[in-house]
Amino acid sequence: MAKKTRYFIGLGSNVGDRSAAFTAAHAALAAHGVVAAFSHVFETAPLGPSTAPYLNAALALDCDLAPEPLLAALLDIERANGRVRGERWAARTLDLDVLLAGDLVLASETLTVPHPRLHERGFVLAPLVCIAGDVRVPPSQRRVIDLYAEWRQRGEGGVALWPGTGAPLPRSSDASRVVPLATF
Ligand code: A4P
Ligand code: MG
């Protein structure tokens with residue numbers, strides 16, 4: 001039997017019905033494994049050329065797929081949700097990034113894990129800390145909560161809890177895995 005890997009996936013959207021895209025991604029990923037946790041959703045200032053604000057979130061997926069087939073599944077889900085690839089960091093209906101794949105470290109032509117810019121970005125760390133505060137990021141083995149604390153100390157801002165109007169958001173199947181809202 002294939003070995004299950006706990007993946008952490010980052011979700012981003014700044015075009016169209018942003019939260020509906022997250023709900024669709026949640027449903028599509030549930031076909032590939034068990035979505036064990038879904039973070040709170042944050043509205044974040046865009047990094048890059050696009051000026052539209054993003055929603056960002058993160059989820060934990062326990063799944064049998066190896067990283068490359070999982071990436072292929074993520075790209076399919078992005079396309080099914082209207083993602084059109086333009087210039088780098090262009091506006092997008094749905095972006096699904098592999099943030100962590102268990103304790104794996106890999107760099108191929110198509111996939112780098114852990115996500116190379118995970119450490120520096122509030123829009124990745126704030127959702128991720130909701131569901132993975134104690135998880136260690138290889139190869140440094142630093143905890144997500146410590147990376148998040150460092151980002152907070154830098155005072156860059158641009159990340160706020162999203163009040164959650166619009167389409168109903170995915171719920172975590174195990175709410176005890178999610179840091180309470182009052183912490184943010
Ligand atoms: N790829 C390599 N490693 C990975 C990985 N760990 N996860 C490759 C996913 N993909 C990975 O991605 C290009 C290629 O990266 C993929 O085909 C895959 O083979 P893309 O999604 O088409 O391109 P991109 O997202 O424009 O570029 P990049 O460099 O991946 O950008 P990032 O780092 O994902 O940043 N601002 C806010 N507020 N919130 C955001 O979510 N996101 C970005 C994109 C920019 N600004 C943002 C946000
Ligand atoms: Mg991407």
# chains A, B, ... in the order shown; residues from 1 in each chain; ligands from 1

call {"tool": "residues_near_ligand", "arguments": {"ligand": "ligand 1", "cutoff": "8 Å", "atoms": "only C-alpha atoms and all ligand atoms", "output": "PyMOL selection string"}}
result
chain A and resi 10-14+43-48+50+53-56+71+74-75+85-90+95-100+107-117+123-124+158-159

call {"tool": "select_by_dssp", "arguments": {"residues": "range 15-146 of chain A", "states": "alpha helix (DSSP H)", "output": "ChimeraX atom specification"}}
result
/A:18-30,67-80,122-132,144-146

call {"tool": "write_last_selection", "arguments": {"atoms": "N, CA and C atoms", "output": "CSV table (one decimal), in the first residue's frame"}}
result
chain,number,residue,atom,x,y,z
A,18,ARG,N,-13.7,34.7,-4.8
A,18,ARG,CA,-12.4,34.1,-4.2
A,18,ARG,C,-12.8,33.0,-3.3
A,19,SER,N,-13.7,33.2,-2.4
A,19,SER,CA,-14.0,32.2,-1.4
A,19,SER,C,-14.7,30.9,-2.1
A,20,ALA,N,-15.5,31.2,-3.1
A,20,ALA,CA,-16.1,30.0,-3.9
A,20,ALA,C,-15.0,29.2,-4.5
A,21,ALA,N,-13.9,29.8,-4.9
A,21,ALA,CA,-12.8,29.0,-5.5
A,21,ALA,C,-12.1,28.2,-4.4
A,22,PHE,N,-12.1,28.7,-3.2
A,22,PHE,CA,-11.5,27.8,-2.1
A,22,PHE,C,-12.4,26.7,-1.8
A,23,THR,N,-13.7,26.9,-1.8
A,23,THR,CA,-14.7,25.8,-1.5
A,23,THR,C,-14.6,24.7,-2.6
A,24,ALA,N,-14.4,25.2,-3.8
A,24,ALA,CA,-14.3,24.2,-4.9
A,24,ALA,C,-13.0,23.4,-4.8
A,25,ALA,N,-11.9,24.1,-4.4
A,25,ALA,CA,-10.6,23.4,-4.2
A,25,ALA,C,-10.7,22.4,-3.1
A,26,HIS,N,-11.3,22.8,-2.0
A,26,HIS,CA,-11.5,21.9,-0.9
A,26,HIS,C,-12.2,20.6,-1.4
A,27,ALA,N,-13.3,20.8,-2.1
A,27,ALA,CA,-14.1,19.6,-2.6
A,27,ALA,C,-13.2,18.8,-3.5
A,28,ALA,N,-12.5,19.4,-4.4
A,28,ALA,CA,-11.7,18.7,-5.4
A,28,ALA,C,-10.6,17.9,-4.7
A,29,LEU,N,-10.0,18.5,-3.7
A,29,LEU,CA,-8.8,17.9,-3.0
A,29,LEU,C,-9.3,16.7,-2.2
A,30,ALA,N,-10.5,16.8,-1.7
A,30,ALA,CA,-11.1,15.7,-0.9
A,30,ALA,C,-11.2,14.4,-1.7
A,67,PRO,N,4.6,13.6,-4.6
A,67,PRO,CA,4.6,15.0,-4.8
A,67,PRO,C,4.3,15.4,-6.2
A,68,GLU,N,4.9,14.8,-7.2
A,68,GLU,CA,4.7,15.2,-8.6
A,68,GLU,C,3.3,15.0,-9.1
A,69,PRO,N,2.8,13.8,-8.9
A,69,PRO,CA,1.3,13.6,-9.2
A,69,PRO,C,0.4,14.5,-8.4
A,70,LEU,N,0.7,14.8,-7.2
A,70,LEU,CA,-0.1,15.8,-6.5
A,70,LEU,C,-0.1,17.1,-7.2
A,71,LEU,N,1.1,17.6,-7.5
A,71,LEU,CA,1.3,18.9,-8.2
A,71,LEU,C,0.4,18.9,-9.5
A,72,ALA,N,0.5,17.8,-10.2
A,72,ALA,CA,-0.4,17.7,-11.5
A,72,ALA,C,-1.8,17.8,-11.1
A,73,ALA,N,-2.3,17.2,-10.0
A,73,ALA,CA,-3.7,17.3,-9.6
A,73,ALA,C,-4.0,18.8,-9.2
A,74,LEU,N,-3.1,19.4,-8.6
A,74,LEU,CA,-3.3,20.8,-8.2
A,74,LEU,C,-3.5,21.7,-9.4
A,75,LEU,N,-2.6,21.5,-10.4
A,75,LEU,CA,-2.7,22.3,-11.6
A,75,LEU,C,-4.0,22.0,-12.4
A,76,ASP,N,-4.5,20.8,-12.3
A,76,ASP,CA,-5.8,20.4,-12.9
A,76,ASP,C,-6.9,21.2,-12.2
A,77,ILE,N,-6.8,21.2,-10.9
A,77,ILE,CA,-7.9,21.9,-10.1
A,77,ILE,C,-7.9,23.4,-10.4
A,78,GLU,N,-6.6,24.0,-10.5
A,78,GLU,CA,-6.5,25.4,-10.8
A,78,GLU,C,-7.2,25.7,-12.2
A,79,ARG,N,-6.9,24.8,-13.2
A,79,ARG,CA,-7.4,25.0,-14.5
A,79,ARG,C,-9.0,24.9,-14.5
A,80,ALA,N,-9.5,23.9,-13.8
A,80,ALA,CA,-10.9,23.7,-13.7
A,80,ALA,C,-11.6,24.9,-13.0
A,122,GLY,N,4.0,36.7,4.9
A,122,GLY,CA,2.9,36.6,5.9
A,122,GLY,C,1.6,36.0,5.3
A,123,PHE,N,1.4,36.1,4.0
A,123,PHE,CA,0.2,35.6,3.4
A,123,PHE,C,0.2,34.1,3.4
A,124,VAL,N,1.4,33.5,3.5
A,124,VAL,CA,1.6,32.0,3.6
A,124,VAL,C,1.6,31.6,5.1
A,125,LEU,N,2.4,32.3,5.9
A,125,LEU,CA,2.6,31.9,7.3
A,125,LEU,C,1.4,32.1,8.2
A,126,ALA,N,0.6,33.2,8.0
A,126,ALA,CA,-0.6,33.4,8.9
A,126,ALA,C,-1.6,32.2,8.7
A,127,PRO,N,-2.0,31.8,7.5
A,127,PRO,CA,-2.9,30.7,7.4
A,127,PRO,C,-2.2,29.4,7.9
A,128,LEU,N,-0.9,29.2,7.5
A,128,LEU,CA,-0.3,27.9,7.9
A,128,LEU,C,-0.2,27.8,9.4
A,129,VAL,N,0.1,28.9,10.1
A,129,VAL,CA,0.3,28.7,11.6
A,129,VAL,C,-1.1,28.3,12.2
A,130,CYS,N,-2.2,28.6,11.6
A,130,CYS,CA,-3.5,28.2,12.1
A,130,CYS,C,-3.6,26.6,12.2
A,131,ILE,N,-2.9,25.9,11.3
A,131,ILE,CA,-3.1,24.4,11.3
A,131,ILE,C,-1.8,23.7,11.5
A,132,ALA,N,-0.7,24.4,11.5
A,132,ALA,CA,0.6,23.7,11.5
A,132,ALA,C,1.7,24.4,12.4
A,144,VAL,N,6.9,26.3,12.3
A,144,VAL,CA,6.1,27.3,11.6
A,144,VAL,C,5.8,28.5,12.5
A,145,ILE,N,5.5,28.2,13.8
A,145,ILE,CA,5.1,29.2,14.7
A,145,ILE,C,6.2,30.2,14.9
A,146,ASP,N,7.5,29.7,14.9
A,146,ASP,CA,8.6,30.6,15.0
A,146,ASP,C,8.9,31.5,13.8

call {"tool": "closest_residue", "arguments": {"among": "A:Ala31, A:Ala91, A:Ala160, A:Val137", "to": "ligand 2", "atoms": "only C-alpha atoms and all ligand atoms"}}
result
A:Ala91

call {"tool": "select_by_dssp", "arguments": {"residues": "range 1-168 of chain A", "states": "strand (DSSP E)", "output": "ChimeraX atom specification"}}
result
/A:5-13,33-38,42-44,54-63,95-101,106-107,112-113,136-137,142-143,159-161

call {"tool": "write_last_selection", "arguments": {"atoms": "C-alpha atoms", "output": "compact mmCIF listing (two decimals), in the first residue's frame"}}
result
# COMPACT_ATOMS: atom_id res chain seq x y z
CA THR A 5 2.02 11.89 3.19
CA ARG A 6 0.72 14.88 5.10
CA TYR A 7 0.80 17.77 2.67
CA PHE A 8 0.19 21.40 3.55
CA ILE A 9 -1.28 23.27 0.59
CA GLY A 10 -1.47 27.07 0.28
CA LEU A 11 -4.52 28.57 -1.44
CA GLY A 12 -4.62 32.02 -3.03
CA SER A 13 -7.16 33.91 -5.15
CA GLY A 33 -7.28 12.14 0.23
CA VAL A 34 -8.49 13.41 3.58
CA VAL A 35 -8.57 17.16 4.18
CA ALA A 36 -7.64 17.03 7.85
CA ALA A 37 -7.66 20.79 8.52
CA PHE A 38 -8.62 24.02 6.79
CA PHE A 42 -7.06 35.99 5.43
CA GLU A 43 -7.34 38.97 3.13
CA THR A 44 -3.87 40.01 2.06
CA TYR A 54 -5.99 38.25 -2.27
CA LEU A 55 -7.71 35.76 -0.08
CA ASN A 56 -5.22 33.24 1.29
CA ALA A 57 -5.75 30.05 3.27
CA ALA A 58 -4.00 26.74 3.92
CA LEU A 59 -5.15 23.15 4.28
CA ALA A 60 -3.70 19.83 5.44
CA LEU A 61 -4.19 16.93 3.05
CA ASP A 62 -3.36 13.32 3.93
CA CYS A 63 -2.88 11.57 0.65
CA ASP A 95 -3.37 29.27 -6.94
CA LEU A 96 -2.57 26.02 -5.14
CA ASP A 97 0.99 25.66 -3.87
CA VAL A 98 2.63 22.71 -2.16
CA LEU A 99 4.01 24.33 1.00
CA LEU A 100 5.20 21.18 2.79
CA ALA A 101 5.21 17.47 1.94
CA LEU A 106 13.09 18.19 -3.04
CA ALA A 107 13.95 20.43 -5.93
CA THR A 112 10.44 22.72 -5.03
CA VAL A 113 9.41 21.60 -1.53
CA ARG A 136 8.94 21.73 11.58
CA VAL A 137 10.07 23.00 8.19
CA ARG A 142 12.36 25.48 12.43
CA ARG A 143 8.74 25.48 13.60
CA VAL A 159 -2.55 40.39 6.37
CA ALA A 160 -5.97 40.54 8.10
CA LEU A 161 -8.55 37.96 9.02

call {"tool": "closest_residue", "arguments": {"among": "A:Val135, A:Lys4, A:Val84, A:Glu156", "to": "ligand 2", "atoms": "only C-alpha atoms and all ligand atoms"}}
result
A:Val84

call {"tool": "atom_distance", "arguments": {"atom1": "CA of Thr51 in chain A", "atom2": "CA of Leu118 in chain A"}}
result
21.2 Å

call {"tool": "residues_around", "arguments": {"residues": "Lys3 in chain A", "least_positions_apart": "3", "cutoff": "9 Å", "atoms": "only C-alpha atoms", "output": "list of chain:residue names"}}
result
A:Cys63, A:Asp64, A:Leu65, A:Ala66

call {"tool": "write_last_selection", "arguments": {"atoms": "N, CA and C atoms", "output": "PDB file, in the first residue's frame"}}
result
ATOM      1  N   CYS A  63      -2.624  12.146   1.972  1.00  0.00           N
ATOM      2  CA  CYS A  63      -2.882  11.570   0.648  1.00  0.00           C
ATOM      3  C   CYS A  63      -1.779  10.611   0.219  1.00  0.00           C
ATOM      4  N   ASP A  64      -2.171   9.635  -0.633  1.00  0.00           N
ATOM      5  CA  ASP A  64      -1.250   8.591  -1.105  1.00  0.00           C
ATOM      6  C   ASP A  64      -0.358   9.062  -2.245  1.00  0.00           C
ATOM      7  N   LEU A  65      -0.718  10.167  -2.879  1.00  0.00           N
ATOM      8  CA  LEU A  65       0.013  10.583  -4.077  1.00  0.00           C
ATOM      9  C   LEU A  65       1.422  11.035  -3.732  1.00  0.00           C
ATOM     10  N   ALA A  66       2.357  10.750  -4.625  1.00  0.00           N
ATOM     11  CA  ALA A  66       3.706  11.310  -4.521  1.00  0.00           C
ATOM     12  C   ALA A  66       3.635  12.790  -4.912  1.00  0.00           C
TER      13      ALA A  66
END

call {"tool": "closest_residue", "arguments": {"among": "A:Gly102, A:Gly16, A:Gly82, A:Gly133", "to": "Ser39 in chain A", "atoms": "only C-alpha atoms"}}
result
A:Gly133

call {"tool": "closest_residue", "arguments": {"among": "A:His32, A:Glu150, A:Ala52, A:Arg83", "to": "ligand 2", "atoms": "only C-alpha atoms and all ligand atoms"}}
result
A:Arg83

call {"tool": "atom_distance", "arguments": {"atom1": "CA of Asp134 in chain A", "atom2": "CA of His119 in chain A"}}
result
14.6 Å

call {"tool": "closest_residue", "arguments": {"among": "A:Thr93, A:Glu120, A:Pro49, A:Asp17", "to": "ligand 2", "atoms": "only C-alpha atoms and all ligand atoms"}}
result
A:Thr93

call {"tool": "closest_residue", "arguments": {"among": "A:Leu94, A:Trp162, A:Val15, A:His40", "to": "ligand 2", "atoms": "only C-alpha atoms and all ligand atoms"}}
result
A:Leu94
